[in-house]
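Shown here: coords23.cif, mmCIF, C-alpha atoms (C1' of nucleotides).
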```
data_upload
loop_
_atom_site.label_atom_id
_atom_site.label_comp_id
_atom_site.auth_asym_id
_atom_site.auth_seq_id
_atom_site.Cartn_x
_atom_site.Cartn_y
_atom_site.Cartn_z
CA MET A 47 21.25 -1.43 -6.46
CA SER A 48 17.94 0.31 -7.06
CA LYS A 49 16.46 -2.83 -8.53
CA ASN A 50 16.47 -4.61 -5.22
CA GLU A 51 15.05 -1.75 -3.25
CA ILE A 52 12.14 -1.59 -5.62
CA LYS A 53 11.60 -5.32 -5.44
CA GLU A 54 11.76 -5.25 -1.67
CA ALA A 55 9.11 -2.59 -1.66
CA GLY A 56 6.84 -5.12 -3.32
CA LEU A 57 6.80 -3.27 -6.61
CA LYS A 58 7.58 -4.45 -10.08
CA VAL A 59 10.89 -3.22 -11.42
CA THR A 60 9.90 -0.93 -14.25
CA LEU A 61 11.85 1.61 -16.19
CA PRO A 62 10.12 4.67 -14.70
CA ARG A 63 10.71 3.45 -11.17
CA LEU A 64 14.33 2.66 -11.84
CA GLN A 65 14.95 6.00 -13.47
CA ILE A 66 13.31 7.99 -10.72
CA LEU A 67 15.07 6.15 -7.94
CA GLU A 68 18.44 6.41 -9.62
CA PHE A 69 17.98 10.05 -10.34
CA LEU A 70 17.15 10.82 -6.72
CA THR A 71 19.97 8.64 -5.48
CA ALA A 72 22.41 10.39 -7.74
CA ASN A 73 21.16 13.70 -6.35
CA LYS A 74 21.14 12.88 -2.68
CA GLY A 75 20.37 15.91 -0.53
CA LYS A 76 18.56 17.78 -3.28
CA HIS A 77 14.85 18.37 -3.28
CA TYR A 78 12.60 18.09 -6.29
CA THR A 79 8.97 18.76 -6.99
CA ALA A 80 7.17 16.24 -9.17
CA GLU A 81 7.28 18.79 -11.94
CA ASP A 82 11.03 19.30 -11.45
CA LEU A 83 11.56 15.62 -11.95
CA PHE A 84 9.33 15.62 -14.97
CA THR A 85 11.46 18.32 -16.54
CA GLU A 86 14.86 17.06 -15.41
CA MET A 87 14.20 13.56 -16.58
CA LYS A 88 12.93 14.71 -19.91
CA LEU A 89 16.25 16.51 -20.36
CA ALA A 90 17.94 13.21 -19.70
CA ASP A 91 15.78 11.65 -22.42
CA GLN A 92 13.76 9.80 -19.84
CA ASP A 93 10.29 10.75 -20.79
CA LEU A 94 7.84 9.88 -18.04
CA GLY A 95 4.26 10.95 -17.58
CA LEU A 96 3.70 13.39 -14.74
CA ALA A 97 1.02 11.12 -13.31
CA THR A 98 3.49 8.27 -13.21
CA ILE A 99 5.98 10.42 -11.38
CA TYR A 100 3.40 11.32 -8.76
CA ARG A 101 2.33 7.70 -8.40
CA VAL A 102 5.84 6.37 -8.13
CA LEU A 103 6.92 9.02 -5.64
CA ASN A 104 3.97 8.19 -3.43
CA GLN A 105 4.70 4.49 -3.61
CA PHE A 106 8.32 5.20 -2.77
CA GLU A 107 7.31 7.35 0.13
CA THR A 108 5.11 4.61 1.51
CA ALA A 109 7.97 2.18 1.07
CA GLY A 110 10.31 4.53 2.91
CA LEU A 111 12.59 4.99 -0.08
CA VAL A 112 11.79 8.63 -0.44
CA MET A 113 10.81 11.53 1.83
CA LYS A 114 8.24 14.18 1.06
CA HIS A 115 8.45 17.71 2.46
CA GLN A 116 6.31 20.80 2.26
CA PHE A 117 8.71 23.75 2.41
CA GLU A 118 6.47 26.05 0.46
CA GLU A 119 2.82 25.69 1.09
CA ASN A 120 1.83 24.87 -2.45
CA GLN A 121 4.19 22.25 -3.87
CA ALA A 122 5.62 19.21 -2.17
CA VAL A 123 9.26 18.27 -2.70
CA PHE A 124 10.90 14.86 -2.58
CA GLU A 125 14.35 13.58 -1.74
CA ILE A 126 15.92 10.17 -1.40
CA ASP A 127 15.62 8.68 2.08
CA THR A 128 19.08 7.63 3.14
CA GLY A 129 17.88 6.53 6.54
CA GLU A 130 19.87 9.25 8.26
CA HIS A 131 17.36 11.54 9.88
CA HIS A 132 17.85 15.24 9.36
CA ASP A 133 15.96 18.50 9.44
CA HIS A 134 16.06 21.44 7.08
CA MET A 135 16.71 25.12 7.06
CA VAL A 136 15.60 27.21 4.12
CA ASP A 137 17.36 30.41 3.13
CA ILE A 138 14.40 32.65 2.44
CA ASP A 139 16.40 34.85 0.12
CA SER A 140 17.93 32.25 -2.14
CA GLY A 141 15.55 29.35 -1.55
CA LYS A 142 18.56 27.19 -0.77
CA VAL A 143 17.87 24.24 1.51
CA VAL A 144 20.46 23.15 4.07
CA GLU A 145 20.14 19.84 5.85
CA PHE A 146 21.24 19.47 9.42
CA TYR A 147 21.03 17.09 12.31
CA ASP A 148 21.23 18.08 15.94
CA GLU A 149 21.18 15.49 18.65
CA ASN A 150 20.12 17.93 21.34
CA LEU A 151 17.22 19.11 19.29
CA GLU A 152 15.96 15.57 18.84
CA LYS A 153 16.28 14.86 22.54
CA LEU A 154 14.59 18.09 23.47
CA GLN A 155 11.62 17.34 21.29
CA GLU A 156 11.14 13.99 22.93
CA LYS A 157 11.40 15.59 26.31
CA ILE A 158 8.77 18.17 25.44
CA ALA A 159 6.35 15.55 24.15
CA ASP A 160 7.02 13.49 27.24
CA GLU A 161 6.31 16.38 29.57
CA HIS A 162 2.90 16.70 27.98
CA GLY A 163 2.14 13.01 28.38
CA TYR A 164 2.87 11.97 24.83
CA ASP A 165 5.29 9.81 22.93
CA LEU A 166 6.97 11.52 20.02
CA ILE A 167 6.22 9.66 16.80
CA ASP A 168 7.44 12.09 14.22
CA HIS A 169 8.15 15.71 13.74
CA LYS A 170 8.34 18.30 11.08
CA MET A 171 10.62 21.24 11.44
CA VAL A 172 11.94 23.84 9.11
CA LEU A 173 14.02 26.84 10.08
CA TYR A 174 13.58 29.85 7.84
CA VAL A 175 16.83 31.76 7.81
CA LYS A 176 18.81 34.56 6.21
CA LYS A 177 22.55 34.69 5.59
CA LYS A 178 24.33 36.50 8.33
CA LYS A 179 26.13 39.67 7.31
CA MET B 27 -11.79 45.87 20.41
CA SER B 28 -11.62 44.16 17.03
CA LYS B 29 -12.66 47.34 15.28
CA ASN B 30 -9.39 49.05 16.01
CA GLU B 31 -7.21 46.12 15.05
CA ILE B 32 -8.89 46.02 11.69
CA LYS B 33 -8.52 49.72 11.22
CA GLU B 34 -4.86 49.61 12.21
CA ALA B 35 -4.33 46.94 9.60
CA GLY B 36 -5.40 49.51 7.03
CA LEU B 37 -8.63 47.70 6.27
CA LYS B 38 -12.17 48.97 6.28
CA VAL B 39 -14.23 47.78 9.19
CA THR B 40 -16.81 45.57 7.58
CA LEU B 41 -19.18 43.04 9.03
CA PRO B 42 -17.43 39.96 7.64
CA ARG B 43 -14.10 41.11 9.01
CA LEU B 44 -15.54 41.91 12.41
CA GLN B 45 -17.34 38.60 12.62
CA ILE B 46 -14.34 36.55 11.63
CA LEU B 47 -11.98 38.35 13.97
CA GLU B 48 -14.36 38.12 16.89
CA PHE B 49 -15.06 34.48 16.26
CA LEU B 50 -11.36 33.63 16.25
CA THR B 51 -10.73 35.81 19.28
CA ALA B 52 -13.52 34.09 21.16
CA ASN B 53 -11.96 30.76 20.25
CA LYS B 54 -8.36 31.49 21.04
CA GLY B 55 -6.13 28.44 20.76
CA LYS B 56 -8.45 26.62 18.38
CA HIS B 57 -7.64 26.02 14.75
CA TYR B 58 -10.06 26.37 11.88
CA THR B 59 -9.96 25.70 8.18
CA ALA B 60 -11.64 28.29 5.97
CA GLU B 61 -14.43 25.79 5.45
CA ASP B 62 -14.79 25.27 9.21
CA LEU B 63 -15.30 28.97 9.61
CA PHE B 64 -17.75 29.03 6.76
CA THR B 65 -19.83 26.37 8.50
CA GLU B 66 -19.46 27.61 12.05
CA MET B 67 -20.38 31.13 11.15
CA LYS B 68 -23.36 30.04 9.17
CA LEU B 69 -24.59 28.27 12.29
CA ALA B 70 -24.26 31.57 14.10
CA ASP B 71 -26.38 33.18 11.38
CA GLN B 72 -23.37 34.98 10.02
CA ASP B 73 -23.55 34.05 6.40
CA LEU B 74 -20.30 34.85 4.65
CA GLY B 75 -19.06 33.76 1.27
CA LEU B 76 -16.24 31.26 1.33
CA ALA B 77 -14.19 33.48 -0.95
CA THR B 78 -14.57 36.33 1.49
CA ILE B 79 -13.39 34.14 4.32
CA TYR B 80 -10.27 33.20 2.40
CA ARG B 81 -9.63 36.79 1.45
CA VAL B 82 -10.11 38.13 4.93
CA LEU B 83 -7.98 35.42 6.53
CA ASN B 84 -5.14 36.19 4.17
CA GLN B 85 -5.41 39.89 4.84
CA PHE B 86 -5.41 39.18 8.56
CA GLU B 87 -2.40 36.95 8.21
CA THR B 88 -0.51 39.67 6.39
CA ALA B 89 -1.54 42.11 9.08
CA GLY B 90 -0.30 39.72 11.78
CA LEU B 91 -3.74 39.32 13.32
CA VAL B 92 -3.99 35.67 12.45
CA MET B 93 -1.62 32.75 11.99
CA LYS B 94 -1.85 30.11 9.31
CA HIS B 95 -0.61 26.56 9.80
CA GLN B 96 -0.38 23.47 7.67
CA PHE B 97 -0.83 20.51 10.01
CA GLU B 98 -2.27 18.26 7.36
CA GLU B 99 -0.84 18.62 3.94
CA ASN B 100 -4.05 19.56 2.19
CA GLN B 101 -5.94 22.17 4.21
CA ALA B 102 -4.53 25.17 6.02
CA VAL B 103 -5.84 26.10 9.45
CA PHE B 104 -6.02 29.51 11.07
CA GLU B 105 -5.93 30.76 14.63
CA ILE B 106 -5.88 34.17 16.23
CA ASP B 107 -2.39 35.59 16.73
CA THR B 108 -2.13 36.63 20.34
CA GLY B 109 1.47 37.69 19.95
CA GLU B 110 2.64 34.95 22.27
CA HIS B 111 4.73 32.63 20.18
CA HIS B 112 4.07 28.93 20.52
CA ASP B 113 4.52 25.67 18.68
CA HIS B 114 2.16 22.76 18.23
CA MET B 115 1.95 19.08 18.81
CA VAL B 116 -0.71 17.05 17.08
CA ASP B 117 -2.08 13.84 18.54
CA ILE B 118 -2.13 11.64 15.46
CA ASP B 119 -4.86 9.44 16.91
CA SER B 120 -7.36 12.08 17.94
CA GLY B 121 -6.25 14.97 15.77
CA LYS B 122 -6.12 17.11 18.89
CA VAL B 123 -3.71 20.04 18.74
CA VAL B 124 -1.77 21.07 21.84
CA GLU B 125 0.08 24.35 21.95
CA PHE B 126 3.33 24.68 23.82
CA TYR B 127 6.22 27.02 24.27
CA ASP B 128 9.71 25.98 25.24
CA GLU B 129 12.41 28.54 25.82
CA ASN B 130 15.24 26.07 25.35
CA LEU B 131 13.85 24.93 22.06
CA GLU B 132 13.72 28.49 20.77
CA LYS B 133 17.29 29.16 21.89
CA LEU B 134 18.53 25.93 20.42
CA GLN B 135 17.05 26.74 17.05
CA GLU B 136 18.80 30.08 16.98
CA LYS B 137 22.03 28.44 17.96
CA ILE B 138 21.71 25.89 15.16
CA ALA B 139 21.00 28.55 12.55
CA ASP B 140 23.90 30.55 13.90
CA GLU B 141 26.31 27.63 13.66
CA HIS B 142 25.48 27.38 9.99
CA GLY B 143 26.08 31.06 9.39
CA TYR B 144 22.46 32.14 9.34
CA ASP B 145 20.10 34.31 11.31
CA LEU B 146 16.88 32.60 12.31
CA ILE B 147 13.93 34.51 10.91
CA ASP B 148 11.11 32.11 11.51
CA HIS B 149 10.46 28.47 12.04
CA LYS B 150 7.79 25.92 11.58
CA MET B 151 7.61 22.96 13.86
CA VAL B 152 5.01 20.38 14.61
CA LEU B 153 5.47 17.35 16.80
CA TYR B 154 3.34 14.37 15.86
CA VAL B 155 2.60 12.42 19.01
CA LYS B 156 0.57 9.63 20.57
CA LYS B 157 -0.84 9.49 24.09
CA LYS B 158 1.45 7.61 26.40
CA LYS B 159 -0.01 4.43 27.88
"C1'" DC C 149 -19.53 60.15 -3.63
"C1'" DT C 150 -15.43 56.98 -4.25
"C1'" DA C 151 -12.40 53.59 -2.88
"C1'" DG C 152 -12.59 49.46 -1.28
"C1'" DG C 153 -15.30 45.07 -0.07
"C1'" DT C 154 -18.54 41.32 -1.02
"C1'" DG C 155 -20.57 37.13 -3.24
"C1'" DC C 156 -20.96 34.26 -6.84
"C1'" DA C 157 -19.19 31.46 -10.33
"C1'" DA C 158 -15.46 30.51 -13.06
"C1'" DA C 159 -10.60 29.83 -13.13
"C1'" DT C 160 -6.22 28.04 -11.31
"C1'" DC C 161 -2.88 25.11 -9.24
"C1'" DC C 162 -1.30 20.81 -7.66
"C1'" DT C 163 -2.39 16.19 -7.34
"C1'" DT C 164 -5.16 12.02 -8.09
"C1'" DT C 165 -7.92 8.79 -10.84
"C1'" DG C 166 -10.34 6.06 -14.72
"C1'" DC C 167 -9.30 3.59 -18.41
"C1'" DA C 168 -7.27 1.41 -22.50
"C1'" DA C 169 -2.90 -0.15 -23.95
"C1'" DG C 170 1.62 -1.94 -22.61
"C1'" DA C 171 5.16 -4.17 -19.65
"C1'" DT C 172 6.66 -7.54 -15.97
"C1'" DG C 173 7.42 -11.91 -13.57
"C1'" DC D 1 -0.78 -14.84 -19.48
"C1'" DA D 2 -2.47 -12.69 -15.26
"C1'" DT D 3 -1.28 -8.83 -12.89
"C1'" DC D 4 0.61 -4.74 -12.28
"C1'" DT D 5 2.07 -0.17 -14.74
"C1'" DT D 6 1.90 3.44 -17.75
"C1'" DG D 7 0.22 7.64 -20.09
"C1'" DC D 8 -3.25 10.44 -21.26
"C1'" DA D 9 -6.96 13.19 -20.28
"C1'" DA D 10 -10.46 14.10 -17.17
"C1'" DA D 11 -11.68 14.76 -12.34
"C1'" DG D 12 -10.73 16.46 -7.79
"C1'" DG D 13 -10.01 19.49 -3.80
"C1'" DA D 14 -8.31 23.75 -1.92
"C1'" DT D 15 -7.71 28.36 -2.90
"C1'" DT D 16 -7.85 32.54 -5.87
"C1'" DT D 17 -9.79 35.79 -9.09
"C1'" DG D 18 -12.98 38.60 -12.34
"C1'" DC D 19 -16.73 41.14 -12.15
"C1'" DA D 20 -21.14 43.46 -11.11
"C1'" DC D 21 -23.19 45.03 -7.06
"C1'" DC D 22 -22.88 46.94 -2.46
"C1'" DT D 23 -21.08 49.66 1.72
"C1'" DA D 24 -17.83 52.22 4.75
"C1'" DG D 25 -15.64 56.56 5.40
#
```
Translate the structure described by the file into structure tokens.
Amino acid sequence: MSKNEIKEAGLKVTLPRLQILEFLTANKGKHYTAEDLFTEMKLADQDLGLATIYRVLNQFETAGLVMKHQFEENQAVFEIDTGEHHDHMVDIDSGKVVEFYDENLEKLQEKIADEHGYDLIDHKMVLYVKKKK
Amino acid sequence: MSKNEIKEAGLKVTLPRLQILEFLTANKGKHYTAEDLFTEMKLADQDLGLATIYRVLNQFETAGLVMKHQFEENQAVFEIDTGEHHDHMVDIDSGKVVEFYDENLEKLQEKIADEHGYDLIDHKMVLYVKKKK
DNA sequence: CTAGGTGCAAATCCTTTGCAAGATG
DNA sequence: CATCTTGCAAAGGATTTGCACCTAG
């Protein structure tokens, strides 16, 4: 239950936090800007301040409940963190985001870092693609 | 010579454009924010407006003379585009940026896109690393 | 000359912050 | 009740834009 995750993050269980976490959980695999959430939640009669949304998302990110990505260079998007690592490809025509995971890719990245004398801590990767005809 | 590259980009050969392009060319492999350039060029007695720097960098990016990256989520950095594709790893302790190219990685990315029914158009990838002890 | 470029300051966009009022544990 | 949260509006930082003046072709 969301309640516990919030508590375990050391945060008080408030309505905004519950609503945001449940919304993202219910929409696993989808990516929302803060503004998207603001709008979507208003539609669901959950009227939160935009500032609150930003604050809560950042707290959730710190707590590892949520992941933040920068697919377009202006607005960040958020998605629930299920713990299963994955990368993204973005269809540049439709804007659609596809999640994927590739074992070899992960291994290769570690190998590359290693060859340069580094340990891989994290990575960011987005493939920009077009539908094949 | 920079003059021709600018001309071929369909832009007038002006002092600001020449200075920026030559500075970046002279510092191949280094990455600068617009503000960095503003400061560095002022030191070299090349006093350009910040707005001009932004404008010129964007024009150069469009023309393929320069590449823009987003290593940190707030400020974009620019480097000269030598035509040789490469990716980056960032040492999260020192902030140092290392460029690398890995054939297998490139192939693997295409393969992954392909398996999902897409053609790979572009990609963005940054490895965040720490020096090995 | 004329189209395009520059610099400045103001505007814009996304995100963060200060603060008074309102919940939570 | 003490502390943490919220919402609003104002502030902030990076980047863009309007406009009068300037410069390349």
Closest atom pairs, residues of chain B within 10 Å of chain A, all atoms listed in the file, as a Markdown table:
```
| residue | atom | partner | partner_atom | distance |
| --- | --- | --- | --- | --- |
| B:His95 | CA | A:Glu119 | CA | 9.4 |
| B:Gln96 | CA | A:Glu119 | CA | 7.6 |
| B:Phe97 | CA | A:Lys170 | CA | 9.5 |
| B:Glu99 | CA | A:Gln116 | CA | 7.7 |
| B:Asn100 | CA | A:Asn120 | CA | 9.2 |
| B:Gln101 | CA | A:Glu119 | CA | 9.9 |
| B:Ala102 | CA | A:Glu119 | CA | 8.9 |
| B:Met115 | CA | A:Ala159 | CA | 7.8 |
| B:Val116 | CA | A:His169 | CA | 9.6 |
| B:Asp117 | CA | A:Tyr164 | CA | 8.2 |
| B:Ile118 | CA | A:Ile167 | CA | 8.7 |
| B:Val124 | CA | A:His162 | CA | 8.9 |
| B:Phe126 | CA | A:Ile158 | CA | 8.6 |
| B:Tyr127 | CA | A:Ile158 | CA | 9.3 |
| B:Asp128 | CA | A:Ile158 | CA | 7.9 |
| B:Asn130 | CA | A:Leu154 | CA | 8.2 |
| B:Leu131 | CA | A:Leu154 | CA | 7.0 |
| B:Leu134 | CA | A:Leu151 | CA | 7.0 |
| B:Gln135 | CA | A:Leu173 | CA | 7.6 |
| B:Glu136 | CA | A:Leu173 | CA | 9.0 |
| B:Ile138 | CA | A:Asp148 | CA | 7.9 |
| B:Ala139 | CA | A:Val175 | CA | 7.1 |
| B:Asp140 | CA | A:Lys178 | CA | 8.2 |
| B:His142 | CA | A:Val144 | CA | 8.8 |
| B:Gly143 | CA | A:Lys178 | CA | 5.8 |
| B:Tyr144 | CA | A:Lys177 | CA | 4.5 |
| B:Asp145 | CA | A:Lys176 | CA | 5.3 |
| B:Leu146 | CA | A:Val175 | CA | 4.6 |
| B:Ile147 | CA | A:Val175 | CA | 5.1 |
| B:Asp148 | CA | A:Tyr174 | CA | 5.0 |
| B:His149 | CA | A:Leu173 | CA | 4.4 |
| B:Lys150 | CA | A:Val172 | CA | 5.3 |
| B:Met151 | CA | A:Met171 | CA | 4.2 |
| B:Val152 | CA | A:Lys170 | CA | 5.3 |
| B:Leu153 | CA | A:His169 | CA | 4.4 |
| B:Tyr154 | CA | A:Asp168 | CA | 5.0 |
| B:Val155 | CA | A:Leu166 | CA | 4.6 |
| B:Lys156 | CA | A:Asp165 | CA | 5.3 |
| B:Lys157 | CA | A:Tyr164 | CA | 4.5 |
| B:Lys158 | CA | A:Tyr164 | CA | 4.8 |
| B:Lys159 | CA | A:Tyr164 | CA | 8.6 |
```
Explicit residues for the PyMOL selection byres ((chain B) within 12 of (chain C)) (as a JSON list (two decimals) with C-alpha atoms, in the frame of the given file):
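Wrote result01.json, looks like this:
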```json
[["chain", "number", "residue", "atom", "x", "y", "z"],
["B", 36, "GLY", "CA", -5.40, 49.51, 7.03],
["B", 37, "LEU", "CA", -8.63, 47.70, 6.27],
["B", 38, "LYS", "CA", -12.17, 48.97, 6.28],
["B", 39, "VAL", "CA", -14.23, 47.78, 9.19],
["B", 40, "THR", "CA", -16.81, 45.57, 7.58],
["B", 41, "LEU", "CA", -19.18, 43.04, 9.03],
["B", 42, "PRO", "CA", -17.43, 39.96, 7.64],
["B", 43, "ARG", "CA", -14.10, 41.11, 9.01],
["B", 73, "ASP", "CA", -23.55, 34.05, 6.40],
["B", 74, "LEU", "CA", -20.30, 34.85, 4.65],
["B", 75, "GLY", "CA", -19.06, 33.76, 1.27],
["B", 76, "LEU", "CA", -16.24, 31.26, 1.33],
["B", 77, "ALA", "CA", -14.19, 33.48, -0.95],
["B", 78, "THR", "CA", -14.57, 36.33, 1.49],
["B", 79, "ILE", "CA", -13.39, 34.14, 4.32],
["B", 81, "ARG", "CA", -9.63, 36.79, 1.45],
["B", 82, "VAL", "CA", -10.11, 38.13, 4.93],
["B", 99, "GLU", "CA", -0.84, 18.62, 3.94],
["B", 100, "ASN", "CA", -4.05, 19.56, 2.19]]
```
Could you list, as a CSV table (one decimal) with C-alpha atoms (C1' of nucleotides), in the coordinates of the input, every residue of chain D that has an atom within 12 Å of an atom of chain B, counting all atoms listed in the file?
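Output file selection-v2.csv follows:
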```csv
chain,number,residue,atom,x,y,z
D,13,DG,C1',-10.0,19.5,-3.8
D,14,DA,C1',-8.3,23.8,-1.9
D,15,DT,C1',-7.7,28.4,-2.9
D,16,DT,C1',-7.8,32.5,-5.9
D,17,DT,C1',-9.8,35.8,-9.1
D,22,DC,C1',-22.9,46.9,-2.5
D,23,DT,C1',-21.1,49.7,1.7
D,24,DA,C1',-17.8,52.2,4.8
D,25,DG,C1',-15.6,56.6,5.4
```
Any chance you could resolve the PyMOL selection byres ((chain B and resi 103) around 6) against this file and give the residues as a ChimeraX atom specification? /B:57-59,94-95,102,104
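Interatomic distance, atom CA of B:Leu47 to atom CA of B:Ser28: 6.6 Å.
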Report the distance between atom CA of A:Asp127 and atom CA of A:Ser140 in Å, rounded to one decimal place. 24.1 Å
In Å, how far is it from atom CA of B:Glu48 to atom C1' of D:DC21?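 Computed distance, atom CA of B:Glu48 to atom C1' of D:DC21, equals 26.4 Å.
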Enclose all atoms of stretch 154-166 of chain C listed in the file in an axis-aligned box, grow every side by 8 Å, and hand back centre and edge lengths in Å to one decimal, as AutoDock Vina command-line options.
```
--center_x -11.1 --center_y 23.7 --center_z -7.9 --size_x 35.7 --size_y 51.3 --size_z 29.7
```
Residues near B:Thr51, anyone? I mean within 10 Å using all atoms listed in the file, not counting same-chain ones fewer than 2 positions away, as a PyMOL selection string. chain B and resi 28+45-49+53-56+91-92+105-108
